[in-house]
Amino acid sequence: MRFGAAVLRDYEAPFAVEEVILDAGPAEGEILVRIAGCGLCRTDLAVRRSAGRSPLPAVLGHEGAGVVVETGGPDTGLAPGDHVVLSFDCCGRCRSCLGGAPAYCDRFAALNLFGGRSESPGRFTDGAGEALAPRWFGQSSFAEYAMVPARNAVRVDASLPLELLGPLGCGFLTGAGAVLNSFGAGPGDTVAVFGAGAVGLAAVMAATAAGALVVAVDRHPERLAQAERFRAVPLDASSAGLPGHIRRLTGGGAQYALDTTGSVRLINDALRALRPTGLLGLVARLHTDLPLEPGTLDRGRRISHICEGDAVPALLIPRLTGLWRAGRFPFDQLIRTYPLADINEAERDCDAGRVVKPVLVP
């Protein structure tokens, strides 16, 4: 079948919407999905800085949502017409996957970032028949259709706004999962969130939904205003004595802090803002060394990297849609939609901070 997709051919080039070809239907365990909407995530844009590790040309996109068109075999657990949210790929067989931690799959990088499944050879070409890179995060959903391992797909209620749900598969899943899964935050806990972008604001919403007191730190006034609308206490990242401000606001220090910025200064500030035995979670990929200042890990304070919100998507995504129905996780307020043809405008707006979460609609 032939359909439109946004192809990235060079690390410095704009995306080009082209005709691409799938030369076969779903293999066993796969589903073909008609994409209703796909979030544009900073992980997609980081391919431009990947020093050639992510193969091109490629169709990116890993926050897809859509309707099942066809299934490969009777064991997918899905049927044509089902509405699904697509999340990250995993092998399903390693110790992490079997232990309910698919984000720490032994093959996570290979399957999602650097080459795809060797057992499912590429059937994806451009309109001239030239090979495209294997599926990005098992999806490549900057497109009208995506061929996806059924394990990546989570069925959702057909009454939900399908075109907006894709970011629940990665960005919003990461922020909310860090709070609800990694921290297990609940009523009376205190959470400081550093960086009020898509991941950070999802964490803010999840923390307030869980009954925690939340402090949000960012340098952009409009992002702080958004966090305040979600019932967080806003703090400017450039404030002098930032850790002291947070300790006073939280009655002696935050029990949990989440850094989404990758800033060495803010990571050290976050550690200083923790109470004894507090936990700092990092979700951003660090591109430099991380020197920790003396005293930041004293008194039982801990630091941990969190991948994909420690989530099992099939469990967390329904929880988040349930919170949305209850008015407690209004993720739709962070989204601006763009036609797929306007993907380069969406990328510019994302880079400039004019939009929190762009969603591309084929």
# chains A, B, ... in the order shown; residues from 1 in each chain; ligands from 1
call {"tool": "closest_atom_pairs", "arguments": {"of": "segment 232-257 of chain A", "to": "segment 277-300 of chain A", "cutoff": "7 Å", "atoms": "only C-alpha atoms", "output": "JSON lines"}}
result
{"residue": "A:Ala254", "atom": "CA", "partner": "A:Gly278", "partner_atom": "CA", "distance": 6.9}
{"residue": "A:Gln255", "atom": "CA", "partner": "A:Gly278", "partner_atom": "CA", "distance": 4.6}
{"residue": "A:Tyr256", "atom": "CA", "partner": "A:Leu279", "partner_atom": "CA", "distance": 5.0}
{"residue": "A:Ala257", "atom": "CA", "partner": "A:Leu280", "partner_atom": "CA", "distance": 4.6}
call {"tool": "residues_around", "arguments": {"residues": "Thr125 of chain A", "least_positions_apart": "4", "cutoff": "8 Å", "atoms": "only C-alpha atoms", "output": "PyMOL selection string"}}
result
chain A and resi 20-22+129-132
call {"tool": "write_last_selection", "arguments": {"atoms": "all heavy atoms", "output": "short mmCIF file (atom, residue, chain, number, x, y, z; two decimals), in the first residue's frame"}}
result
data_model
loop_
_atom_site.label_atom_id
_atom_site.label_comp_id
_atom_site.auth_asym_id
_atom_site.auth_seq_id
_atom_site.Cartn_x
_atom_site.Cartn_y
_atom_site.Cartn_z
N VAL A 20 5.19 6.86 0.58
CA VAL A 20 5.99 5.72 0.99
C VAL A 20 5.18 4.44 0.73
O VAL A 20 3.98 4.50 0.46
CB VAL A 20 6.42 5.80 2.47
CG1 VAL A 20 7.27 7.04 2.71
CG2 VAL A 20 5.20 5.80 3.38
N ILE A 21 5.87 3.29 0.82
CA ILE A 21 5.25 2.02 0.44
C ILE A 21 5.48 0.97 1.52
O ILE A 21 6.60 0.81 2.02
CB ILE A 21 5.85 1.50 -0.89
CG1 ILE A 21 5.66 2.53 -2.00
CG2 ILE A 21 5.22 0.16 -1.28
CD1 ILE A 21 6.44 2.19 -3.27
N LEU A 22 4.42 0.29 1.90
CA LEU A 22 4.51 -0.96 2.64
C LEU A 22 4.21 -2.08 1.66
O LEU A 22 3.16 -2.07 1.01
CB LEU A 22 3.49 -0.99 3.78
CG LEU A 22 3.86 -0.29 5.09
CD1 LEU A 22 2.66 -0.27 6.03
CD2 LEU A 22 5.03 -0.98 5.76
N GLY A 129 11.02 3.02 -4.19
CA GLY A 129 11.44 1.67 -3.82
C GLY A 129 12.73 1.60 -3.04
O GLY A 129 13.22 0.51 -2.75
N GLU A 130 13.33 2.74 -2.69
CA GLU A 130 14.56 2.76 -1.90
C GLU A 130 14.24 2.55 -0.41
O GLU A 130 13.26 3.08 0.10
CB GLU A 130 15.30 4.08 -2.10
CG GLU A 130 15.74 4.34 -3.53
CD GLU A 130 16.75 3.32 -4.02
OE1 GLU A 130 17.60 2.89 -3.20
OE2 GLU A 130 16.68 2.93 -5.20
N ALA A 131 15.08 1.80 0.26
CA ALA A 131 14.81 1.42 1.66
C ALA A 131 14.81 2.64 2.57
O ALA A 131 15.63 3.55 2.43
CB ALA A 131 15.84 0.42 2.13
N LEU A 132 13.89 2.63 3.52
CA LEU A 132 13.89 3.56 4.63
C LEU A 132 14.36 2.83 5.88
O LEU A 132 14.36 1.60 5.94
CB LEU A 132 12.48 4.12 4.85
CG LEU A 132 11.91 4.96 3.70
CD1 LEU A 132 10.43 5.24 3.92
CD2 LEU A 132 12.69 6.27 3.56
#
call {"tool": "closest_residue", "arguments": {"among": "A:His83, A:Arg325, A:Arg302, A:Arg275", "to": "Leu32 of chain A", "atoms": "only C-alpha atoms"}}
result
A:His83
call {"tool": "residues_around", "arguments": {"residues": "Ala133 of chain A", "least_positions_apart": "5", "cutoff": "6 Å", "atoms": "only C-alpha atoms", "output": "MDAnalysis selection string"}}
result
chainID A and resid 55:58
call {"tool": "write_last_selection", "arguments": {"atoms": "all heavy atoms", "output": "mmCIF file, in the first residue's frame"}}
result
data_model
loop_
_atom_site.group_PDB
_atom_site.id
_atom_site.type_symbol
_atom_site.label_atom_id
_atom_site.label_comp_id
_atom_site.auth_asym_id
_atom_site.auth_seq_id
_atom_site.Cartn_x
_atom_site.Cartn_y
_atom_site.Cartn_z
ATOM 1 N N PRO A 55 19.741 5.770 11.938
ATOM 2 C CA PRO A 55 19.880 5.690 10.486
ATOM 3 C C PRO A 55 18.840 6.524 9.747
ATOM 4 O O PRO A 55 17.692 6.631 10.169
ATOM 5 C CB PRO A 55 19.684 4.190 10.201
ATOM 6 C CG PRO A 55 18.917 3.677 11.377
ATOM 7 C CD PRO A 55 19.334 4.495 12.547
ATOM 8 N N LEU A 56 19.284 7.146 8.656
ATOM 9 C CA LEU A 56 18.424 7.910 7.753
ATOM 10 C C LEU A 56 18.599 7.358 6.340
ATOM 11 O O LEU A 56 19.612 6.724 6.038
ATOM 12 C CB LEU A 56 18.804 9.401 7.785
ATOM 13 C CG LEU A 56 18.613 10.152 9.099
ATOM 14 C CD1 LEU A 56 18.987 11.621 8.907
ATOM 15 C CD2 LEU A 56 17.188 10.041 9.627
ATOM 16 N N PRO A 57 17.623 7.605 5.460
ATOM 17 C CA PRO A 57 16.361 8.321 5.662
ATOM 18 C C PRO A 57 15.398 7.507 6.513
ATOM 19 O O PRO A 57 15.450 6.279 6.520
ATOM 20 C CB PRO A 57 15.834 8.507 4.244
ATOM 21 C CG PRO A 57 16.411 7.378 3.471
ATOM 22 C CD PRO A 57 17.771 7.132 4.053
ATOM 23 N N ALA A 58 14.525 8.223 7.216
ATOM 24 C CA ALA A 58 13.634 7.558 8.163
ATOM 25 C C ALA A 58 12.320 8.310 8.269
ATOM 26 O O ALA A 58 12.253 9.528 8.051
ATOM 27 C CB ALA A 58 14.283 7.468 9.533
#
call {"tool": "closest_residue", "arguments": {"among": "A:Gly61, A:Gly177, A:Gly127, A:Gly99", "to": "Leu315 of chain A", "atoms": "only C-alpha atoms"}}
result
A:Gly177
call {"tool": "residues_around", "arguments": {"residues": "Tyr104 of chain A", "least_positions_apart": "5", "cutoff": "10 Å", "atoms": "only C-alpha atoms", "output": "list of chain:residue names"}}
result
A:Cys90, A:Cys94, A:Arg95, A:Ser96, A:Cys97, A:Gly99, A:Ala109, A:Ile306, A:Cys307, A:Glu308, A:Asp310, A:Ala311
call {"tool": "residues_around", "arguments": {"residues": "Arg348 of chain A", "least_positions_apart": "3", "cutoff": "12 Å", "atoms": "only C-alpha atoms", "output": "ChimeraX atom specification"}}
result
/A:14-15,40,42,45,342-345,351-356,358
call {"tool": "write_last_selection", "arguments": {"atoms": "N, CA, C and O atoms", "output": "PDB file, in the first residue's frame"}}
result
ATOM      1  N   PRO A  14      14.999  19.793   6.282  1.00  0.00           N
ATOM      2  CA  PRO A  14      13.625  19.751   6.776  1.00  0.00           C
ATOM      3  C   PRO A  14      12.977  18.406   6.459  1.00  0.00           C
ATOM      4  O   PRO A  14      13.469  17.627   5.632  1.00  0.00           O
ATOM      5  N   PHE A  15      11.882  18.116   7.146  1.00  0.00           N
ATOM      6  CA  PHE A  15      11.079  16.950   6.789  1.00  0.00           C
ATOM      7  C   PHE A  15      10.411  17.197   5.437  1.00  0.00           C
ATOM      8  O   PHE A  15      10.085  18.331   5.085  1.00  0.00           O
ATOM      9  N   LEU A  40       4.658  15.258  18.432  1.00  0.00           N
ATOM     10  CA  LEU A  40       6.047  15.519  18.072  1.00  0.00           C
ATOM     11  C   LEU A  40       6.810  15.702  19.376  1.00  0.00           C
ATOM     12  O   LEU A  40       6.518  16.609  20.154  1.00  0.00           O
ATOM     13  N   ARG A  42      10.561  15.759  21.687  1.00  0.00           N
ATOM     14  CA  ARG A  42      11.948  16.212  21.537  1.00  0.00           C
ATOM     15  C   ARG A  42      12.895  15.051  21.254  1.00  0.00           C
ATOM     16  O   ARG A  42      13.985  15.257  20.723  1.00  0.00           O
ATOM     17  N   LEU A  45      13.223  15.029  17.589  1.00  0.00           N
ATOM     18  CA  LEU A  45      14.085  16.103  17.105  1.00  0.00           C
ATOM     19  C   LEU A  45      15.543  15.867  17.477  1.00  0.00           C
ATOM     20  O   LEU A  45      16.451  16.364  16.797  1.00  0.00           O
ATOM     21  N   ASP A 342       2.426  20.352   7.786  1.00  0.00           N
ATOM     22  CA  ASP A 342       3.056  21.486   8.466  1.00  0.00           C
ATOM     23  C   ASP A 342       4.044  21.027   9.540  1.00  0.00           C
ATOM     24  O   ASP A 342       4.308  21.749  10.508  1.00  0.00           O
ATOM     25  N   ILE A 343       4.632  19.867   9.369  1.00  0.00           N
ATOM     26  CA  ILE A 343       5.528  19.328  10.382  1.00  0.00           C
ATOM     27  C   ILE A 343       6.725  20.238  10.645  1.00  0.00           C
ATOM     28  O   ILE A 343       7.182  20.369  11.782  1.00  0.00           O
ATOM     29  N   ASN A 344       7.240  20.907   9.624  1.00  0.00           N
ATOM     30  CA  ASN A 344       8.398  21.774   9.845  1.00  0.00           C
ATOM     31  C   ASN A 344       8.021  23.010  10.659  1.00  0.00           C
ATOM     32  O   ASN A 344       8.808  23.474  11.494  1.00  0.00           O
ATOM     33  N   GLU A 345       6.814  23.524  10.454  1.00  0.00           N
ATOM     34  CA  GLU A 345       6.333  24.622  11.296  1.00  0.00           C
ATOM     35  C   GLU A 345       6.177  24.154  12.737  1.00  0.00           C
ATOM     36  O   GLU A 345       6.540  24.868  13.689  1.00  0.00           O
ATOM     37  N   ASP A 351      10.767  24.126  18.982  1.00  0.00           N
ATOM     38  CA  ASP A 351      12.105  24.594  19.326  1.00  0.00           C
ATOM     39  C   ASP A 351      12.065  25.981  19.964  1.00  0.00           C
ATOM     40  O   ASP A 351      12.851  26.284  20.869  1.00  0.00           O
ATOM     41  N   ALA A 352      11.146  26.831  19.494  1.00  0.00           N
ATOM     42  CA  ALA A 352      11.061  28.204  19.997  1.00  0.00           C
ATOM     43  C   ALA A 352      10.244  28.318  21.275  1.00  0.00           C
ATOM     44  O   ALA A 352      10.154  29.396  21.857  1.00  0.00           O
ATOM     45  N   GLY A 353       9.655  27.219  21.710  1.00  0.00           N
ATOM     46  CA  GLY A 353       8.852  27.261  22.926  1.00  0.00           C
ATOM     47  C   GLY A 353       7.482  27.878  22.743  1.00  0.00           C
ATOM     48  O   GLY A 353       6.815  28.223  23.720  1.00  0.00           O
ATOM     49  N   ARG A 354       7.016  27.990  21.485  1.00  0.00           N
ATOM     50  CA  ARG A 354       5.702  28.574  21.238  1.00  0.00           C
ATOM     51  C   ARG A 354       4.568  27.583  21.474  1.00  0.00           C
ATOM     52  O   ARG A 354       3.395  27.964  21.493  1.00  0.00           O
ATOM     53  N   VAL A 355       4.894  26.323  21.609  1.00  0.00           N
ATOM     54  CA  VAL A 355       3.891  25.284  21.833  1.00  0.00           C
ATOM     55  C   VAL A 355       4.492  24.266  22.810  1.00  0.00           C
ATOM     56  O   VAL A 355       5.698  23.988  22.759  1.00  0.00           O
ATOM     57  N   VAL A 356       3.668  23.744  23.706  1.00  0.00           N
ATOM     58  CA  VAL A 356       4.142  22.739  24.647  1.00  0.00           C
ATOM     59  C   VAL A 356       4.208  21.375  23.962  1.00  0.00           C
ATOM     60  O   VAL A 356       5.218  20.691  24.000  1.00  0.00           O
ATOM     61  N   PRO A 358       3.162  19.773  20.238  1.00  0.00           N
ATOM     62  CA  PRO A 358       2.543  19.720  18.919  1.00  0.00           C
ATOM     63  C   PRO A 358       2.035  18.307  18.639  1.00  0.00           C
ATOM     64  O   PRO A 358       2.688  17.321  18.981  1.00  0.00           O
TER      65      PRO A 358
END
call {"tool": "closest_atom_pairs", "arguments": {"of": "segment 232-306 of chain A", "to": "segment 208-223 of chain A", "cutoff": "9 Å", "atoms": "only C-alpha atoms", "output": "JSON lines"}}
result
{"residue": "A:Ala232", "atom": "CA", "partner": "A:Val214", "partner_atom": "CA", "distance": 4.9}
{"residue": "A:Val233", "atom": "CA", "partner": "A:Val215", "partner_atom": "CA", "distance": 4.6}
{"residue": "A:Pro234", "atom": "CA", "partner": "A:Ala216", "partner_atom": "CA", "distance": 5.0}
{"residue": "A:Leu235", "atom": "CA", "partner": "A:Val217", "partner_atom": "CA", "distance": 4.9}
{"residue": "A:Asp236", "atom": "CA", "partner": "A:Arg219", "partner_atom": "CA", "distance": 5.4}
{"residue": "A:Ala237", "atom": "CA", "partner": "A:Asp218", "partner_atom": "CA", "distance": 4.9}
{"residue": "A:Ser238", "atom": "CA", "partner": "A:Arg219", "partner_atom": "CA", "distance": 6.6}
{"residue": "A:Ile246", "atom": "CA", "partner": "A:Val215", "partner_atom": "CA", "distance": 7.3}
{"residue": "A:Leu249", "atom": "CA", "partner": "A:Val215", "partner_atom": "CA", "distance": 8.0}
{"residue": "A:Thr250", "atom": "CA", "partner": "A:Leu213", "partner_atom": "CA", "distance": 7.5}
{"residue": "A:Ala254", "atom": "CA", "partner": "A:Val215", "partner_atom": "CA", "distance": 8.8}
call {"tool": "select_by_dssp", "arguments": {"residues": "segment 75-164 of chain A", "states": "strand (DSSP E or B)", "output": "mmCIF file with all heavy atoms, in the first residue's frame"}}
result
data_model
loop_
_atom_site.group_PDB
_atom_site.id
_atom_site.type_symbol
_atom_site.label_atom_id
_atom_site.label_comp_id
_atom_site.auth_asym_id
_atom_site.auth_seq_id
_atom_site.Cartn_x
_atom_site.Cartn_y
_atom_site.Cartn_z
ATOM 1 N N HIS A 83 -9.658 1.370 18.691
ATOM 2 C CA HIS A 83 -8.873 2.589 18.858
ATOM 3 C C HIS A 83 -7.697 2.271 19.774
ATOM 4 O O HIS A 83 -7.885 1.657 20.835
ATOM 5 C CB HIS A 83 -9.727 3.696 19.467
ATOM 6 C CG HIS A 83 -10.747 4.255 18.532
ATOM 7 N ND1 HIS A 83 -11.269 5.526 18.660
ATOM 8 C CD2 HIS A 83 -11.344 3.726 17.435
ATOM 9 C CE1 HIS A 83 -12.146 5.753 17.691
ATOM 10 N NE2 HIS A 83 -12.206 4.666 16.940
ATOM 11 N N VAL A 84 -6.506 2.696 19.364
ATOM 12 C CA VAL A 84 -5.307 2.343 20.122
ATOM 13 C C VAL A 84 -4.377 3.534 20.266
ATOM 14 O O VAL A 84 -4.315 4.420 19.401
ATOM 15 C CB VAL A 84 -4.524 1.179 19.455
ATOM 16 C CG1 VAL A 84 -5.308 -0.125 19.557
ATOM 17 C CG2 VAL A 84 -4.191 1.483 18.005
ATOM 18 N N VAL A 85 -3.656 3.558 21.386
ATOM 19 C CA VAL A 85 -2.523 4.451 21.606
ATOM 20 C C VAL A 85 -1.268 3.610 21.470
ATOM 21 O O VAL A 85 -1.195 2.488 21.996
ATOM 22 C CB VAL A 85 -2.583 5.111 22.995
ATOM 23 C CG1 VAL A 85 -1.312 5.920 23.269
ATOM 24 C CG2 VAL A 85 -3.802 6.014 23.102
ATOM 25 N N LEU A 86 -0.262 4.127 20.758
ATOM 26 C CA LEU A 86 0.968 3.393 20.496
ATOM 27 C C LEU A 86 2.076 3.882 21.424
ATOM 28 O O LEU A 86 2.242 5.087 21.615
ATOM 29 C CB LEU A 86 1.391 3.569 19.036
ATOM 30 C CG LEU A 86 0.295 3.294 18.006
ATOM 31 C CD1 LEU A 86 0.819 3.525 16.594
ATOM 32 C CD2 LEU A 86 -0.258 1.881 18.154
ATOM 33 N N PHE A 124 9.486 -1.398 4.330
ATOM 34 C CA PHE A 124 9.128 0.001 4.274
ATOM 35 C C PHE A 124 10.075 0.691 3.306
ATOM 36 O O PHE A 124 11.292 0.673 3.499
ATOM 37 C CB PHE A 124 9.305 0.561 5.691
ATOM 38 C CG PHE A 124 8.529 1.798 6.009
ATOM 39 C CD1 PHE A 124 7.338 2.099 5.387
ATOM 40 C CD2 PHE A 124 9.002 2.664 6.978
ATOM 41 C CE1 PHE A 124 6.630 3.234 5.723
ATOM 42 C CE2 PHE A 124 8.305 3.794 7.326
ATOM 43 C CZ PHE A 124 7.111 4.077 6.694
ATOM 44 N N THR A 125 9.568 1.259 2.222
ATOM 45 C CA THR A 125 10.422 1.950 1.256
ATOM 46 C C THR A 125 9.807 3.287 0.893
ATOM 47 O O THR A 125 8.638 3.554 1.173
ATOM 48 C CB THR A 125 10.603 1.114 -0.030
ATOM 49 O OG1 THR A 125 9.340 1.032 -0.722
ATOM 50 C CG2 THR A 125 11.097 -0.286 0.273
ATOM 51 N N ASP A 126 10.616 4.121 0.235
ATOM 52 C CA ASP A 126 10.048 5.363 -0.290
ATOM 53 C C ASP A 126 9.332 5.075 -1.607
ATOM 54 O O ASP A 126 9.267 3.923 -2.072
ATOM 55 C CB ASP A 126 11.119 6.442 -0.422
ATOM 56 C CG ASP A 126 12.196 6.114 -1.449
ATOM 57 O OD1 ASP A 126 12.002 5.208 -2.284
ATOM 58 O OD2 ASP A 126 13.254 6.787 -1.415
ATOM 59 N N ALA A 131 15.083 1.802 0.263
ATOM 60 C CA ALA A 131 14.813 1.424 1.655
ATOM 61 C C ALA A 131 14.810 2.639 2.571
ATOM 62 O O ALA A 131 15.634 3.554 2.434
ATOM 63 C CB ALA A 131 15.841 0.417 2.128
ATOM 64 N N ALA A 143 2.949 9.650 9.820
ATOM 65 C CA ALA A 143 2.479 9.041 8.582
ATOM 66 C C ALA A 143 0.981 8.803 8.671
ATOM 67 O O ALA A 143 0.371 8.908 9.748
ATOM 68 C CB ALA A 143 3.198 7.711 8.335
ATOM 69 N N TYR A 145 -0.336 5.859 7.982
ATOM 70 C CA TYR A 145 -0.479 4.499 8.501
ATOM 71 C C TYR A 145 0.822 4.100 9.189
ATOM 72 O O TYR A 145 1.896 4.612 8.863
ATOM 73 C CB TYR A 145 -0.784 3.496 7.382
ATOM 74 C CG TYR A 145 -2.151 3.661 6.767
ATOM 75 C CD1 TYR A 145 -2.359 4.568 5.736
ATOM 76 C CD2 TYR A 145 -3.236 2.904 7.224
ATOM 77 C CE1 TYR A 145 -3.614 4.735 5.175
ATOM 78 C CE2 TYR A 145 -4.498 3.065 6.662
ATOM 79 C CZ TYR A 145 -4.678 3.966 5.640
ATOM 80 O OH TYR A 145 -5.928 4.136 5.098
ATOM 81 N N ALA A 146 0.717 3.149 10.114
ATOM 82 C CA ALA A 146 1.905 2.596 10.764
ATOM 83 C C ALA A 146 1.699 1.101 10.969
ATOM 84 O O ALA A 146 0.602 0.657 11.331
ATOM 85 C CB ALA A 146 2.156 3.276 12.097
ATOM 86 N N MET A 147 2.762 0.331 10.745
ATOM 87 C CA MET A 147 2.778 -1.102 11.025
ATOM 88 C C MET A 147 3.474 -1.295 12.360
ATOM 89 O O MET A 147 4.643 -0.919 12.510
ATOM 90 C CB MET A 147 3.519 -1.859 9.932
ATOM 91 C CG MET A 147 3.349 -3.358 10.041
ATOM 92 S SD MET A 147 1.714 -3.911 9.525
ATOM 93 C CE MET A 147 1.936 -3.880 7.727
ATOM 94 N N VAL A 148 2.775 -1.871 13.328
ATOM 95 C CA VAL A 148 3.206 -1.808 14.718
ATOM 96 C C VAL A 148 3.138 -3.195 15.361
ATOM 97 O O VAL A 148 2.158 -3.925 15.151
ATOM 98 C CB VAL A 148 2.279 -0.846 15.513
ATOM 99 C CG1 VAL A 148 2.776 -0.650 16.928
ATOM 100 C CG2 VAL A 148 2.167 0.491 14.807
ATOM 101 N N PRO A 149 4.138 -3.581 16.171
ATOM 102 C CA PRO A 149 3.958 -4.781 16.999
ATOM 103 C C PRO A 149 2.748 -4.590 17.918
ATOM 104 O O PRO A 149 2.616 -3.546 18.572
ATOM 105 C CB PRO A 149 5.254 -4.857 17.808
ATOM 106 C CG PRO A 149 6.252 -4.088 17.001
ATOM 107 C CD PRO A 149 5.477 -2.987 16.345
ATOM 108 N N ALA A 153 0.644 -1.533 21.365
ATOM 109 C CA ALA A 153 -0.626 -0.832 21.242
ATOM 110 C C ALA A 153 -1.500 -1.065 22.465
ATOM 111 O O ALA A 153 -1.612 -2.191 22.964
ATOM 112 C CB ALA A 153 -1.349 -1.296 19.975
ATOM 113 N N VAL A 154 -2.138 -0.003 22.931
ATOM 114 C CA VAL A 154 -3.041 -0.065 24.076
ATOM 115 C C VAL A 154 -4.429 0.345 23.610
ATOM 116 O O VAL A 154 -4.624 1.478 23.132
ATOM 117 C CB VAL A 154 -2.561 0.869 25.205
ATOM 118 C CG1 VAL A 154 -3.524 0.820 26.392
ATOM 119 C CG2 VAL A 154 -1.146 0.506 25.646
ATOM 120 N N ARG A 155 -5.393 -0.554 23.732
ATOM 121 C CA ARG A 155 -6.761 -0.233 23.324
ATOM 122 C C ARG A 155 -7.347 0.817 24.262
ATOM 123 O O ARG A 155 -7.171 0.753 25.480
ATOM 124 C CB ARG A 155 -7.638 -1.487 23.350
ATOM 125 C CG ARG A 155 -9.040 -1.251 22.790
ATOM 126 C CD ARG A 155 -9.981 -2.404 23.069
ATOM 127 N NE ARG A 155 -9.624 -3.601 22.332
ATOM 128 C CZ ARG A 155 -9.155 -4.698 22.886
ATOM 129 N NH1 ARG A 155 -8.925 -4.743 24.199
ATOM 130 N NH2 ARG A 155 -8.873 -5.754 22.155
ATOM 131 N N VAL A 156 -8.063 1.802 23.687
ATOM 132 C CA VAL A 156 -8.702 2.847 24.474
ATOM 133 C C VAL A 156 -10.165 2.965 24.051
ATOM 134 O O VAL A 156 -10.553 2.498 22.966
ATOM 135 C CB VAL A 156 -7.997 4.214 24.311
ATOM 136 C CG1 VAL A 156 -6.602 4.176 24.910
ATOM 137 C CG2 VAL A 156 -7.940 4.638 22.845
#
call {"tool": "residues_around", "arguments": {"residues": "Arg272 of chain A", "least_positions_apart": "2", "cutoff": "6 Å", "atoms": "only C-alpha atoms", "output": "list in words"}}
result
Pro243, Asp269, Ala270, Leu274 and Thr296 of chain A
call {"tool": "residues_around", "arguments": {"residues": "Pro80 of chain A", "least_positions_apart": "2", "cutoff": "10 Å", "atoms": "only C-alpha atoms", "output": "PyMOL selection string"}}
result
chain A and resi 31-33+67-71+78+82-83
call {"tool": "write_last_selection", "arguments": {"atoms": "N, CA and C atoms", "output": "PDB file, in the first residue's frame"}}
result
ATOM      1  N   ILE A  31       0.060  -5.240  13.836  1.00  0.00           N
ATOM      2  CA  ILE A  31      -1.200  -4.612  13.434  1.00  0.00           C
ATOM      3  C   ILE A  31      -0.889  -3.438  12.514  1.00  0.00           C
ATOM      4  N   LEU A  32      -1.790  -3.183  11.580  1.00  0.00           N
ATOM      5  CA  LEU A  32      -1.730  -1.999  10.731  1.00  0.00           C
ATOM      6  C   LEU A  32      -2.703  -0.979  11.305  1.00  0.00           C
ATOM      7  N   VAL A  33      -2.211   0.231  11.549  1.00  0.00           N
ATOM      8  CA  VAL A  33      -2.993   1.274  12.212  1.00  0.00           C
ATOM      9  C   VAL A  33      -3.089   2.496  11.308  1.00  0.00           C
ATOM     10  N   VAL A  67      -6.570   3.950  14.528  1.00  0.00           N
ATOM     11  CA  VAL A  67      -7.577   2.896  14.435  1.00  0.00           C
ATOM     12  C   VAL A  67      -6.950   1.675  13.767  1.00  0.00           C
ATOM     13  N   VAL A  68      -7.139   0.513  14.363  1.00  0.00           N
ATOM     14  CA  VAL A  68      -6.631  -0.730  13.782  1.00  0.00           C
ATOM     15  C   VAL A  68      -7.370  -1.018  12.472  1.00  0.00           C
ATOM     16  N   VAL A  69      -6.607  -1.241  11.414  1.00  0.00           N
ATOM     17  CA  VAL A  69      -7.161  -1.553  10.099  1.00  0.00           C
ATOM     18  C   VAL A  69      -7.103  -3.045   9.822  1.00  0.00           C
ATOM     19  N   GLU A  70      -6.000  -3.684  10.230  1.00  0.00           N
ATOM     20  CA  GLU A  70      -5.790  -5.100   9.928  1.00  0.00           C
ATOM     21  C   GLU A  70      -4.875  -5.685  10.994  1.00  0.00           C
ATOM     22  N   THR A  71      -5.067  -6.946  11.302  1.00  0.00           N
ATOM     23  CA  THR A  71      -4.228  -7.615  12.288  1.00  0.00           C
ATOM     24  C   THR A  71      -3.532  -8.813  11.655  1.00  0.00           C
ATOM     25  N   LEU A  78      -6.321  -7.720  19.427  1.00  0.00           N
ATOM     26  CA  LEU A  78      -6.962  -6.535  18.878  1.00  0.00           C
ATOM     27  C   LEU A  78      -7.735  -6.921  17.626  1.00  0.00           C
ATOM     28  N   ASP A  82     -10.643  -1.192  16.404  1.00  0.00           N
ATOM     29  CA  ASP A  82     -10.219  -0.801  17.746  1.00  0.00           C
ATOM     30  C   ASP A  82      -9.431   0.509  17.698  1.00  0.00           C
ATOM     31  N   HIS A  83      -9.658   1.370  18.691  1.00  0.00           N
ATOM     32  CA  HIS A  83      -8.873   2.589  18.858  1.00  0.00           C
ATOM     33  C   HIS A  83      -7.697   2.271  19.774  1.00  0.00           C
TER      34      HIS A  83
END
call {"tool": "closest_residue", "arguments": {"among": "A:Cys91, A:Ala240, A:Ala198, A:Leu180", "to": "Gly39 of chain A", "atoms": "only C-alpha atoms"}}
result
A:Ala198
call {"tool": "atom_distance", "arguments": {"atom1": "atom CA of Leu162 of chain A", "atom2": "atom CA of Leu258 of chain A"}}
result
28.6 Å
call {"tool": "atom_distance", "arguments": {"atom1": "atom CA of Arg301 of chain A", "atom2": "atom CA of Gly200 of chain A"}}
result
21.2 Å
call {"tool": "atom_distance", "arguments": {"atom1": "atom CA of Lys357 of chain A", "atom2": "atom CA of Leu320 of chain A"}}
result
16.6 Å
